[in-house]
Amino acid sequence: MVLLATVLGSTMALLDSTVVNVALPHIGDDLDADLRQLQWVVTAYVLTLASLILVGGALSDRLGRRRVFVVGIVWFAVASLLCGVAPDAGLLIGARALQG
């Protein structure tokens, strides 16, 4: 079960990144975003993920792996919902940072 949960969590993040990269031109058109903003849509996620991944590991050691994993999945889902309803590029960039 641990392996299945890990694979599904990783797949969720990989699928999200793939969808964003494929849809980036349409996101730019829909939100009237320039190239700089579109770069931040991608970078905000990667930057926060890379910055906080060690913090997540330390929190898992202190609070329990299952608890931190579940909170992370719920956090990611709520941030994904914010991404889906973002009316402008600024909110989308912020929501992508929360996803990371």
# chains A, B, ... in the order shown; residues from 1 in each chain; ligands from 1
$ residues_around --residues "stretch 49-52 of chain A" --least-positions-apart "5" --cutoff "12 Å" --atoms "only C-alpha atoms" --output "list in words"
Ala13, Ser17, Val42, Thr43, Ala44, Gly57, Ala58, Leu59, Gly72, Phe76, Arg96, Ala97, Leu98, Gln99 and Gly100 of chain A
$ write_last_selection --atoms "C-alpha atoms" --output "compact mmCIF listing (two decimals), in the first residue's frame"
# COMPACT_ATOMS: atom_id res chain seq x y z
CA ALA A 13 2.53 15.59 -9.72
CA SER A 17 3.32 19.23 -14.79
CA VAL A 42 6.08 26.81 -14.54
CA THR A 43 8.88 28.17 -12.37
CA ALA A 44 6.74 28.95 -9.30
CA GLY A 57 11.04 15.16 4.84
CA ALA A 58 11.91 16.67 8.22
CA LEU A 59 8.23 17.22 9.02
CA GLY A 72 0.37 17.32 1.13
CA PHE A 76 -2.01 20.00 -3.67
CA ARG A 96 1.18 27.10 -8.69
CA ALA A 97 3.59 28.18 -5.93
CA LEU A 98 1.18 26.70 -3.37
CA GLN A 99 1.13 23.47 -5.35
CA GLY A 100 4.87 23.18 -5.01
$ closest_residue --among "A:Val70, A:Ala33, A:Ile27, A:Leu47" --to "A:Thr6" --atoms "only C-alpha atoms"
A:Val70
$ atom_distance --atom1 "atom CA of A:Val71" --atom2 "atom CA of A:Ile93"
21.2 Å
